[in-house]
>>> print(open('work.txt').read())   # compact mmCIF, C-alpha atoms and all ligand atoms
# COMPACT_ATOMS: atom_id res chain seq x y z
CA MET A 1 21.28 11.57 6.59
CA GLY A 2 19.40 13.86 4.20
CA ARG A 3 15.94 14.70 5.40
CA ARG A 4 14.00 15.61 2.26
CA VAL A 5 12.07 12.78 0.67
CA LEU A 6 10.06 12.67 -2.55
CA VAL A 7 6.90 10.63 -2.05
CA THR A 8 5.24 9.54 -5.29
CA GLY A 9 1.55 8.76 -4.82
CA GLY A 10 1.63 10.58 -1.48
CA ALA A 11 -2.06 11.54 -1.60
CA GLY A 12 -3.10 7.88 -1.66
CA TYR A 13 -4.07 5.55 1.18
CA ILE A 14 -0.66 4.28 2.25
CA GLY A 15 1.18 7.38 1.03
CA SER A 16 -0.84 9.78 3.18
CA HIS A 17 -0.21 7.71 6.33
CA THR A 18 3.47 7.49 5.46
CA LEU A 19 3.66 11.28 5.15
CA VAL A 20 2.51 11.57 8.76
CA ALA A 21 5.12 9.01 9.89
CA LEU A 22 7.86 10.79 7.92
CA GLN A 23 7.02 14.18 9.39
CA GLU A 24 6.86 12.70 12.89
CA ALA A 25 10.36 11.28 12.32
CA GLY A 26 11.69 14.69 11.24
CA PHE A 27 11.72 14.21 7.47
CA GLU A 28 10.49 16.84 5.03
CA ALA A 29 8.13 15.57 2.35
CA VAL A 30 7.65 16.58 -1.27
CA VAL A 31 4.76 14.86 -3.03
CA ILE A 32 4.01 14.09 -6.68
CA ASP A 33 0.57 12.66 -7.33
CA SER A 34 -1.74 12.79 -10.35
CA LEU A 35 -4.79 12.45 -8.03
CA CYS A 36 -6.08 9.76 -10.42
CA ASN A 37 -7.12 7.70 -7.38
CA SER A 38 -7.04 10.22 -4.55
CA SER A 39 -7.92 13.68 -3.36
CA GLU A 40 -5.81 16.68 -2.44
CA VAL A 41 -7.92 16.88 0.72
CA ALA A 42 -5.85 13.97 2.06
CA LEU A 43 -2.76 16.16 1.90
CA GLN A 44 -4.55 18.99 3.71
CA ARG A 45 -5.56 16.53 6.41
CA VAL A 46 -1.99 15.23 6.75
CA GLN A 47 -0.82 18.81 7.28
CA ALA A 48 -3.57 19.30 9.87
CA ILE A 49 -2.32 16.23 11.76
CA SER A 50 1.37 17.10 11.65
CA GLY A 51 1.19 20.90 11.62
CA LYS A 52 3.95 20.83 9.00
CA PRO A 53 3.84 21.83 5.34
CA ILE A 54 4.07 19.50 2.36
CA ARG A 55 5.19 20.68 -1.05
CA PHE A 56 2.79 19.21 -3.60
CA TYR A 57 3.19 18.81 -7.36
CA ARG A 58 0.12 17.56 -9.17
CA GLY A 59 1.17 15.43 -12.12
CA ASP A 60 2.09 12.05 -13.48
CA ILE A 61 5.36 10.30 -12.65
CA ARG A 62 5.78 9.62 -16.37
CA ASN A 63 6.14 13.37 -16.93
CA ARG A 64 9.93 13.67 -17.27
CA LYS A 65 9.83 17.44 -17.36
CA LEU A 66 7.90 17.66 -14.11
CA LEU A 67 10.23 15.18 -12.39
CA GLY A 68 13.20 17.28 -13.58
CA GLN A 69 11.55 20.38 -12.13
CA ILE A 70 10.93 18.64 -8.79
CA PHE A 71 14.49 17.39 -8.48
CA THR A 72 15.83 20.82 -9.49
CA GLU A 73 13.66 22.77 -7.07
CA ASN A 74 14.15 20.45 -4.09
CA ALA A 75 17.29 18.84 -2.67
CA ILE A 76 15.76 15.36 -2.64
CA HIS A 77 17.74 12.73 -0.80
CA ALA A 78 15.54 9.66 -1.20
CA VAL A 79 12.34 8.58 -2.93
CA ILE A 80 9.44 6.52 -1.61
CA HIS A 81 7.56 5.25 -4.63
CA PHE A 82 3.86 4.50 -4.10
CA ALA A 83 2.41 5.88 -7.34
CA GLY A 84 0.71 3.29 -9.49
CA LEU A 85 -2.54 1.53 -10.23
CA LYS A 86 -3.59 -1.20 -7.82
CA ALA A 87 -6.93 -2.81 -8.69
CA VAL A 88 -6.25 -6.46 -9.37
CA GLY A 89 -9.43 -7.16 -11.37
CA GLU A 90 -9.17 -4.00 -13.45
CA SER A 91 -5.57 -4.87 -14.33
CA SER A 92 -6.81 -7.85 -16.37
CA GLN A 93 -9.20 -5.55 -18.29
CA LYS A 94 -6.65 -2.78 -18.82
CA PRO A 95 -3.22 -4.44 -18.76
CA ILE A 96 -1.53 -1.77 -20.88
CA ASP A 97 -2.61 0.98 -18.49
CA TYR A 98 -1.18 -1.04 -15.61
CA TYR A 99 2.16 -1.74 -17.28
CA GLN A 100 2.31 1.90 -18.42
CA SER A 101 1.69 3.39 -15.01
CA ASN A 102 3.47 0.84 -12.85
CA VAL A 103 6.37 -0.28 -15.05
CA SER A 104 7.00 2.68 -17.39
CA GLY A 105 6.31 5.07 -14.53
CA SER A 106 8.97 3.39 -12.38
CA LEU A 107 11.46 3.48 -15.27
CA VAL A 108 10.95 7.20 -15.84
CA LEU A 109 11.34 7.84 -12.12
CA LEU A 110 14.51 5.75 -11.96
CA GLU A 111 16.02 7.61 -14.93
CA ALA A 112 15.29 10.95 -13.28
CA MET A 113 16.80 9.76 -9.99
CA GLN A 114 19.91 8.69 -11.86
CA ALA A 115 20.14 12.01 -13.74
CA PHE A 116 19.89 13.98 -10.48
CA GLY A 117 22.10 11.68 -8.39
CA VAL A 118 19.36 10.46 -6.03
CA LYS A 119 20.50 7.10 -4.72
CA GLN A 120 17.95 5.75 -2.28
CA LEU A 121 14.59 4.26 -3.15
CA VAL A 122 11.83 2.54 -1.20
CA PHE A 123 9.44 0.70 -3.51
CA SER A 124 5.86 -0.43 -2.78
CA SER A 125 5.88 -4.07 -3.72
CA SER A 126 3.33 -6.64 -2.69
CA ALA A 127 2.96 -10.14 -1.28
CA THR A 128 1.36 -10.90 -4.63
CA VAL A 129 4.87 -11.30 -6.16
CA TYR A 130 5.11 -14.70 -4.41
CA GLY A 131 2.56 -16.00 -6.90
CA SER A 132 0.22 -18.92 -6.61
CA GLU A 133 2.62 -21.76 -5.82
CA ALA A 134 4.57 -20.43 -2.83
CA PRO A 135 4.35 -22.30 0.51
CA VAL A 136 3.27 -20.34 3.61
CA PRO A 137 4.43 -18.43 5.49
CA TYR A 138 6.02 -16.42 2.69
CA VAL A 139 9.70 -15.79 3.27
CA GLU A 140 11.82 -13.40 1.20
CA THR A 141 14.15 -16.14 -0.06
CA LEU A 142 11.32 -17.88 -1.92
CA GLN A 143 11.32 -17.65 -5.66
CA THR A 144 8.88 -15.03 -6.92
CA GLY A 145 6.82 -14.96 -10.10
CA ARG A 146 3.91 -17.07 -11.39
CA THR A 147 1.78 -14.01 -10.74
CA SER A 148 -1.79 -14.41 -11.88
CA ASN A 149 -2.76 -10.91 -13.06
CA PRO A 150 -1.07 -7.93 -14.76
CA TYR A 151 -1.05 -5.93 -11.50
CA GLY A 152 1.00 -8.62 -9.76
CA THR A 153 3.22 -9.07 -12.78
CA SER A 154 3.88 -5.32 -12.93
CA LYS A 155 5.11 -5.39 -9.31
CA TRP A 156 7.28 -8.43 -10.05
CA MET A 157 8.73 -6.73 -13.14
CA VAL A 158 9.61 -3.55 -11.27
CA GLU A 159 11.34 -5.63 -8.59
CA GLN A 160 13.53 -7.19 -11.32
CA VAL A 161 14.26 -3.78 -12.88
CA LEU A 162 15.31 -2.38 -9.51
CA ARG A 163 17.52 -5.36 -8.71
CA ASP A 164 19.28 -5.01 -12.06
CA ALA A 165 19.66 -1.24 -11.65
CA ALA A 166 21.12 -1.66 -8.16
CA ALA A 167 23.49 -4.41 -9.36
CA ALA A 168 24.78 -2.12 -12.11
CA ASN A 169 25.16 0.91 -9.84
CA PRO A 170 26.70 0.22 -6.42
CA GLU A 171 25.69 3.70 -5.27
CA LEU A 172 22.01 2.84 -5.60
CA SER A 173 20.22 1.28 -2.65
CA VAL A 174 16.69 -0.05 -2.85
CA ALA A 175 14.24 -1.51 -0.34
CA LEU A 176 11.50 -3.62 -1.95
CA LEU A 177 8.73 -3.61 0.65
CA ARG A 178 6.30 -6.46 0.14
CA TYR A 179 3.10 -5.43 1.89
CA PHE A 180 0.58 -8.01 3.00
CA ASN A 181 -2.98 -6.67 3.60
CA PRO A 182 -2.93 -3.07 4.87
CA VAL A 183 -6.08 -1.98 6.72
CA GLY A 184 -7.11 0.62 9.27
CA ALA A 185 -6.67 4.36 9.35
CA HIS A 186 -4.92 7.09 11.31
CA PRO A 187 -6.35 7.18 14.88
CA SER A 188 -7.39 10.83 14.37
CA GLY A 189 -10.04 9.64 11.88
CA LEU A 190 -8.85 12.37 9.50
CA ILE A 191 -7.23 10.16 6.86
CA GLY A 192 -8.07 6.66 5.68
CA GLU A 193 -8.88 4.50 2.68
CA ASP A 194 -11.31 6.08 0.21
CA PRO A 195 -11.84 3.74 -2.74
CA GLN A 196 -13.62 4.90 -5.86
CA GLY A 197 -16.86 3.05 -6.69
CA ILE A 198 -17.54 -0.40 -5.30
CA PRO A 199 -14.66 -1.42 -3.03
CA ASN A 200 -12.61 -4.42 -4.16
CA ASN A 201 -11.02 -5.00 -0.78
CA LEU A 202 -12.58 -6.54 2.30
CA LEU A 203 -12.26 -3.82 4.94
CA PRO A 204 -13.52 -0.88 2.86
CA TYR A 205 -16.47 -3.05 1.82
CA ILE A 206 -17.29 -3.99 5.42
CA ALA A 207 -16.96 -0.36 6.51
CA GLN A 208 -19.36 0.78 3.78
CA VAL A 209 -21.91 -1.86 4.79
CA ALA A 210 -21.59 -0.76 8.41
CA VAL A 211 -22.16 2.90 7.53
CA GLY A 212 -25.22 2.00 5.44
CA LYS A 213 -23.82 2.64 1.97
CA ARG A 214 -24.11 -1.04 0.95
CA ASN A 215 -26.63 -3.65 1.98
CA GLU A 216 -24.52 -6.65 2.80
CA LEU A 217 -21.08 -8.14 2.46
CA SER A 218 -20.53 -11.09 0.14
CA ILE A 219 -18.06 -13.51 1.67
CA PHE A 220 -16.25 -15.06 -1.25
CA GLY A 221 -16.08 -18.77 -0.46
CA ASP A 222 -16.59 -20.75 2.75
CA ASP A 223 -15.24 -24.06 1.48
CA TYR A 224 -11.51 -23.33 1.57
CA PRO A 225 -9.21 -25.73 3.45
CA THR A 226 -8.97 -23.34 6.44
CA PRO A 227 -10.35 -23.67 9.99
CA ASP A 228 -13.67 -21.90 9.22
CA GLY A 229 -13.64 -22.36 5.44
CA THR A 230 -12.95 -18.67 4.64
CA CYS A 231 -9.63 -17.34 3.35
CA LEU A 232 -6.77 -16.35 5.65
CA ARG A 233 -4.78 -13.15 5.13
CA ASP A 234 -2.16 -11.22 7.05
CA TYR A 235 -3.90 -7.92 7.84
CA LEU A 236 -1.65 -5.16 9.17
CA HIS A 237 -2.39 -1.65 10.42
CA VAL A 238 -1.54 1.05 7.89
CA VAL A 239 0.10 3.11 10.66
CA ASP A 240 2.52 0.23 11.33
CA LEU A 241 3.10 -0.08 7.60
CA ALA A 242 3.83 3.65 7.36
CA ILE A 243 6.46 3.36 10.10
CA GLY A 244 8.01 0.49 8.14
CA HIS A 245 8.83 3.01 5.39
CA VAL A 246 10.66 5.26 7.85
CA ARG A 247 12.65 2.26 9.11
CA ALA A 248 13.48 1.29 5.52
CA LEU A 249 14.73 4.83 4.76
CA GLU A 250 16.97 4.74 7.81
CA TRP A 251 18.26 1.30 6.81
CA LEU A 252 19.04 2.45 3.24
CA ALA A 253 21.37 5.20 4.43
CA ASP A 254 24.52 3.07 4.46
CA LYS A 255 23.56 0.20 2.13
CA SER A 256 23.93 -0.70 -1.51
CA GLY A 257 21.99 -3.19 -3.58
CA ALA A 258 18.31 -4.13 -3.52
CA GLU A 259 16.73 -6.04 -0.62
CA ALA A 260 13.20 -7.32 -0.22
CA PHE A 261 11.33 -7.17 3.09
CA ASN A 262 7.96 -8.63 4.02
CA LEU A 263 5.81 -6.19 5.99
CA GLY A 264 3.10 -8.15 7.78
CA THR A 265 2.22 -9.35 11.27
CA GLY A 266 3.12 -12.99 10.70
CA ARG A 267 -0.45 -14.09 11.51
CA GLY A 268 -3.34 -15.18 9.32
CA THR A 269 -6.91 -14.08 10.06
CA SER A 270 -10.03 -15.41 8.34
CA VAL A 271 -12.73 -13.35 6.65
CA LEU A 272 -15.27 -14.43 9.29
CA GLU A 273 -12.88 -13.48 12.09
CA ILE A 274 -12.51 -10.05 10.50
CA VAL A 275 -16.28 -9.59 10.33
CA ARG A 276 -16.63 -10.52 14.00
CA ALA A 277 -13.73 -8.31 15.07
CA PHE A 278 -15.20 -5.38 13.14
CA GLU A 279 -18.63 -5.89 14.71
CA GLN A 280 -17.09 -6.00 18.16
CA ALA A 281 -15.01 -2.85 17.66
CA SER A 282 -17.80 -0.84 16.02
CA GLY A 283 -20.86 -2.19 17.82
CA VAL A 284 -22.51 -2.42 14.40
CA THR A 285 -23.84 -5.65 12.86
CA VAL A 286 -22.48 -6.43 9.40
CA PRO A 287 -25.00 -8.49 7.42
CA TYR A 288 -23.31 -10.94 5.12
CA ARG A 289 -24.10 -13.60 2.56
CA LEU A 290 -21.93 -16.63 1.82
CA SER A 291 -21.12 -16.42 -1.88
CA PRO A 292 -19.07 -18.34 -4.43
CA ARG A 293 -15.30 -18.07 -4.45
CA ARG A 294 -13.76 -15.06 -6.21
CA ALA A 295 -11.55 -16.03 -9.15
CA GLY A 296 -7.85 -15.79 -8.37
CA ASP A 297 -8.11 -15.82 -4.56
CA LEU A 298 -5.59 -17.99 -2.74
CA PRO A 299 -6.86 -19.91 0.31
CA ALA A 300 -4.33 -18.66 2.83
CA PHE A 301 -1.11 -16.68 3.06
CA TRP A 302 0.74 -14.69 5.67
CA ALA A 303 4.19 -13.25 6.18
CA ASP A 304 7.32 -14.50 7.78
CA ALA A 305 8.20 -11.02 9.02
CA SER A 306 11.43 -11.91 10.82
CA LYS A 307 13.76 -10.27 8.29
CA ALA A 308 12.14 -6.86 8.78
CA LYS A 309 12.46 -7.34 12.53
CA CYS A 310 16.15 -8.32 12.42
CA GLU A 311 17.34 -5.87 9.76
CA LEU A 312 14.97 -2.92 9.92
CA GLY A 313 14.07 -3.19 13.61
CA TRP A 314 10.41 -3.13 12.53
CA VAL A 315 7.49 -5.10 13.89
CA ALA A 316 3.75 -4.60 13.50
CA ASN A 317 2.61 -3.43 16.94
CA LEU A 318 -1.08 -2.71 16.45
CA GLY A 319 -3.57 -5.55 16.80
CA LEU A 320 -6.82 -6.49 15.09
CA GLU A 321 -8.96 -4.55 17.54
CA GLN A 322 -7.14 -1.30 16.80
CA MET A 323 -7.26 -1.98 13.03
CA MET A 324 -11.04 -2.37 13.20
CA ALA A 325 -11.67 0.52 15.61
CA ASP A 326 -9.62 2.90 13.44
CA THR A 327 -11.31 1.72 10.22
CA TRP A 328 -14.68 2.43 11.81
CA ARG A 329 -13.65 5.82 13.23
CA TRP A 330 -12.51 6.93 9.74
CA GLN A 331 -15.59 5.57 7.96
CA SER A 332 -18.15 6.85 10.47
CA LYS A 333 -16.58 10.33 10.60
CA ASN A 334 -16.26 10.43 6.79
CA PRO A 335 -19.15 8.37 5.37
CA HIS A 336 -18.35 9.69 1.89
CA GLY A 337 -14.59 9.53 2.28
CA TYR A 338 -12.98 12.78 1.20
CA GLY A 339 -16.38 13.34 -0.31
CA ALA A 340 -17.88 16.39 -1.95
CA VAL A 341 -14.76 18.42 -1.38
CA ALA A 342 -12.74 15.98 -3.47
CA THR A 343 -12.13 17.52 -6.87
CA ASN A 344 -11.05 14.49 -8.83
CA LYS A 345 -13.51 11.76 -7.95
P1 LIG A 401 -3.70 4.43 -3.75
O1 LIG A 401 -4.35 4.25 -5.07
O2 LIG A 401 -4.50 4.95 -2.62
O3 LIG A 401 -2.41 5.36 -3.91
C1 LIG A 401 -1.67 5.44 -5.11
C2 LIG A 401 -1.51 6.93 -5.43
O4 LIG A 401 -0.76 7.06 -6.63
C3 LIG A 401 -2.86 7.63 -5.67
O5 LIG A 401 -2.88 8.81 -4.91
C4 LIG A 401 -2.87 7.91 -7.17
O6 LIG A 401 -3.57 9.09 -7.46
C5 LIG A 401 -1.40 8.01 -7.47
N1 LIG A 401 -1.01 7.64 -8.83
C6 LIG A 401 -1.36 6.52 -9.52
N2 LIG A 401 -0.75 6.50 -10.70
C7 LIG A 401 0.02 7.61 -10.78
C8 LIG A 401 0.92 8.13 -11.74
N3 LIG A 401 1.15 7.47 -12.90
N4 LIG A 401 1.54 9.30 -11.49
C9 LIG A 401 1.32 9.97 -10.33
N5 LIG A 401 0.49 9.51 -9.38
C10 LIG A 401 -0.15 8.36 -9.58
O7 LIG A 401 -3.03 3.03 -3.35
P2 LIG A 401 -2.38 2.56 -1.98
O8 LIG A 401 -3.24 1.51 -1.40
O9 LIG A 401 -1.97 3.71 -1.16
O10 LIG A 401 -1.10 1.82 -2.56
C11 LIG A 401 0.15 2.47 -2.67
C12 LIG A 401 1.13 1.54 -3.34
O11 LIG A 401 1.25 0.35 -2.57
C13 LIG A 401 0.72 1.11 -4.75
O12 LIG A 401 1.89 1.04 -5.54
C14 LIG A 401 0.15 -0.27 -4.52
O13 LIG A 401 0.26 -1.07 -5.67
C15 LIG A 401 1.01 -0.79 -3.39
N6 LIG A 401 0.36 -1.83 -2.60
C16 LIG A 401 -0.88 -1.59 -2.05
C17 LIG A 401 -1.49 -2.58 -1.30
C18 LIG A 401 -2.87 -2.37 -0.71
O14 LIG A 401 -3.51 -3.34 -0.35
N7 LIG A 401 -3.34 -1.14 -0.57
C19 LIG A 401 -0.85 -3.80 -1.09
C20 LIG A 401 0.42 -4.01 -1.65
C21 LIG A 401 1.00 -3.00 -2.41
C1 LIG A 402 -9.24 -10.29 1.40
C2 LIG A 402 -10.14 -11.49 1.66
C3 LIG A 402 -11.43 -12.21 -0.25
C4 LIG A 402 -13.93 -8.63 -0.49
C5 LIG A 402 -5.56 -7.75 -2.59
C6 LIG A 402 -4.59 -7.87 -3.72
C7 LIG A 402 -3.19 -7.89 -3.21
C8 LIG A 402 -2.92 -6.69 -2.32
C9 LIG A 402 -3.96 -6.50 -1.26
C10 LIG A 402 -1.91 -4.97 -3.62
C11 LIG A 402 -10.14 -12.50 0.52
C12 LIG A 402 -12.32 -11.71 0.87
C13 LIG A 402 -12.98 -9.55 -0.10
C14 LIG A 402 -15.31 -8.95 -0.33
C15 LIG A 402 -14.68 -11.07 0.60
N1 LIG A 402 -2.92 -5.47 -3.05
N2 LIG A 402 -13.34 -10.76 0.44
N3 LIG A 402 -15.62 -10.17 0.21
O1 LIG A 402 -7.34 -10.30 -2.32
O2 LIG A 402 -5.99 -10.67 -0.20
O3 LIG A 402 -5.37 -8.86 -1.73
O4 LIG A 402 -5.26 -6.55 -1.85
O5 LIG A 402 -0.82 -5.41 -3.78
O6 LIG A 402 -2.35 -7.90 -4.31
O7 LIG A 402 -4.87 -9.07 -4.42
O8 LIG A 402 -7.40 -8.60 -0.42
O9 LIG A 402 -9.16 -7.30 0.68
O10 LIG A 402 -9.53 -8.07 -1.70
O11 LIG A 402 -9.56 -9.74 0.14
O12 LIG A 402 -15.02 -12.15 1.09
O13 LIG A 402 -16.21 -8.17 -0.70
O14 LIG A 402 -11.49 -11.04 1.77
O15 LIG A 402 -11.96 -13.32 -0.87
O16 LIG A 402 -10.22 -13.76 1.09
P1 LIG A 402 -6.56 -9.74 -1.20
P2 LIG A 402 -8.96 -8.34 -0.36
>>> encode(input="work.txt", output="structure tokens")
Amino acid sequence: MGRRVLVTGGAGYIGSHTLVALQEAGFEAVVIDSLCNSSEVALQRVQAISGKPIRFYRGDIRNRKLLGQIFTENAIHAVIHFAGLKAVGESSQKPIDYYQSNVSGSLVLLEAMQAFGVKQLVFSSSATVYGSEAPVPYVETLQTGRTSNPYGTSKWMVEQVLRDAAAANPELSVALLRYFNPVGAHPSGLIGEDPQGIPNNLLPYIAQVAVGKRNELSIFGDDYPTPDGTCLRDYLHVVDLAIGHVRALEWLADKSGAEAFNLGTGRGTSVLEIVRAFEQASGVTVPYRLSPRRAGDLPAFWADASKAKCELGWVANLGLEQMMADTWRWQSKNPHGYGAVATNK
């Protein structure tokens, strides 16, 4: 199997953790990232963890010329495609930006892969492609669609594009990885999630309250039909998720076609349970206020993760306690994330 992988969006939250997992598994990584939502410091930290170099190209995946240069200068065997915009709320305000980056960006990448004979692709999809009507737990055979925002629709659209491309070209093999709710950070505390502005997601918000950057957490809704009234999600450790990408690469080696895999733990945890688990792991109290529901939130969903176990040999090994302890280690060691040294934030 070829060992050199192009990682788009490699400076981002999941990308940076995946770089560590790739290097630990003996892969060489080449990164393209525009740094529109990340810092080059993350790549320096990854190299500090692994002791191995990463070749970095700063630029946009829609830049055909740059992609051509990357594929010419490096014997790339496979691509892991993280690059894209991911803020659900913002996607409704700026739908064209989201379709441009996520859909057009994937098309340009796919064309370049085709032109340079690169035949294996791992794509960052999302549990959001199951839409608002799917029964839980989500299983890959369910129909997808009925997405409720442009971000989700962009992921759904790229899945369709990749299925069609793989059907037309038997040499192409694609893993569509549907992530549930990634949280946590590398146990070194050197890399983690560093959102710009006010965090949209639960764990970064809690961590910023705990470190004193925000006053209190708003819990969005306590009247859902769940055991404690707050929403249930399938939170998984980003280090487990990163390893899932290595397993998917190994699986792709002798396959053709496009296959979807859920990457989750198979368990739902409530918002209140998360707050308590975080407090226990960090020893810090997280003040919270019960607030109205957030538009678009579903009451409860979690993964049926048995396909990834059977076919990829992947399971999420790290539990809630580790997720919370590692989130806190990252946040307390880096209260301003990649901070003042970050050039693009
Ligand atoms: P992130 O924003 O931290 O990482 C994305 C990276 O892509 C960033 O470094 C950003 O600078 C870069 N980027 C964005 N647009 C680009 C472009 N056009 N050209 C080049 N680089 C570009 O996000 P993340 O949480 O690491 O997510 C990675 C992927 O996983 C995304 O595709 C996201 O939609 C998907 N995903 C994330 C989650 C989650 O909860 N974090 C869940 C499901 C799916
Ligand atoms: C989790 C729970 C909130 C913040 C989103 C995307 C999804 C995927 C992962 C990319 C919910 C509650 C949150 C807060 C709260 N991303 N919450 N107070 O909404 O499950 O998924 O990220 O693909 O597509 O939609 O994650 O972390 O935003 O919320 O009470 O300040 O925490 O209501 O129940 P979500 P989240």
>>> residues_around(input="work.txt", residues="Asp60 (chain A)", least_positions_apart="5", cutoff="10 Å", atoms="only C-alpha atoms", output="VMD selection string")
chain A and resid 8 to 9 32 to 36 66 to 67 83 to 84 101 105
>>> closest_residue(input="work.txt", among="A:Ile219, A:Leu142, A:Leu249, A:Met157", to="Asn262 (chain A)", atoms="only C-alpha atoms")
A:Leu142
>>> atom_distance(input="work.txt", atom1="atom C2 of ligand LIG 401 (chain A)", atom2="CA of Gln331 (chain A)")
19.5 Å
>>> closest_residue(input="work.txt", among="A:Val158, A:Val46, A:Val174, A:Val139", to="Lys119 (chain A)", atoms="all atoms listed in the file")
A:Val174
>>> residues_near_ligand(input="work.txt", ligand="ligand LIG 402 (chain A)", cutoff="9 Å", atoms="all atoms listed in the file", output="ChimeraX atom specification")
/A:86-89,124-129,151-152,155,178-183,199-206,217-222,230-235,270-272,274,290-291,293-301
>>> build_atoms(input="work.txt", residues="region 238-251 of chain A", atoms="N, CA, C and O atoms", output="compact mmCIF listing (two decimals), in the frame of the given file")
# COMPACT_ATOMS: atom_id res chain seq x y z
N VAL A 238 -2.23 0.15 8.82
CA VAL A 238 -1.54 1.05 7.89
C VAL A 238 -0.57 1.98 8.63
O VAL A 238 0.43 2.41 8.05
N VAL A 239 -0.83 2.27 9.90
CA VAL A 239 0.10 3.11 10.66
C VAL A 239 1.40 2.34 10.92
O VAL A 239 2.50 2.90 10.82
N ASP A 240 1.31 1.06 11.22
CA ASP A 240 2.52 0.23 11.33
C ASP A 240 3.25 0.19 10.00
O ASP A 240 4.48 0.30 9.94
N LEU A 241 2.49 0.00 8.93
CA LEU A 241 3.10 -0.08 7.60
C LEU A 241 3.84 1.23 7.28
O LEU A 241 4.96 1.21 6.75
N ALA A 242 3.21 2.34 7.62
CA ALA A 242 3.83 3.65 7.36
C ALA A 242 5.17 3.75 8.08
O ALA A 242 6.17 4.21 7.50
N ILE A 243 5.21 3.30 9.33
CA ILE A 243 6.46 3.36 10.10
C ILE A 243 7.51 2.47 9.46
O ILE A 243 8.70 2.79 9.46
N GLY A 244 7.08 1.38 8.85
CA GLY A 244 8.01 0.49 8.14
C GLY A 244 8.79 1.24 7.05
O GLY A 244 9.96 0.94 6.80
N HIS A 245 8.14 2.23 6.43
CA HIS A 245 8.83 3.01 5.39
C HIS A 245 9.91 3.90 5.98
O HIS A 245 10.97 4.09 5.39
N VAL A 246 9.65 4.43 7.18
CA VAL A 246 10.66 5.26 7.85
C VAL A 246 11.86 4.37 8.22
O VAL A 246 13.01 4.74 8.00
N ARG A 247 11.56 3.18 8.76
CA ARG A 247 12.65 2.26 9.11
C ARG A 247 13.46 1.89 7.87
O ARG A 247 14.70 1.82 7.91
N ALA A 248 12.77 1.67 6.75
CA ALA A 248 13.48 1.29 5.52
C ALA A 248 14.38 2.44 5.04
O ALA A 248 15.52 2.20 4.62
N LEU A 249 13.90 3.67 5.15
CA LEU A 249 14.73 4.83 4.76
C LEU A 249 16.00 4.89 5.60
O LEU A 249 17.09 5.13 5.08
N GLU A 250 15.82 4.68 6.91
CA GLU A 250 16.97 4.74 7.81
C GLU A 250 17.95 3.63 7.48
O GLU A 250 19.16 3.82 7.46
N TRP A 251 17.43 2.46 7.15
CA TRP A 251 18.26 1.30 6.81
C TRP A 251 19.05 1.55 5.52
O TRP A 251 20.21 1.16 5.42
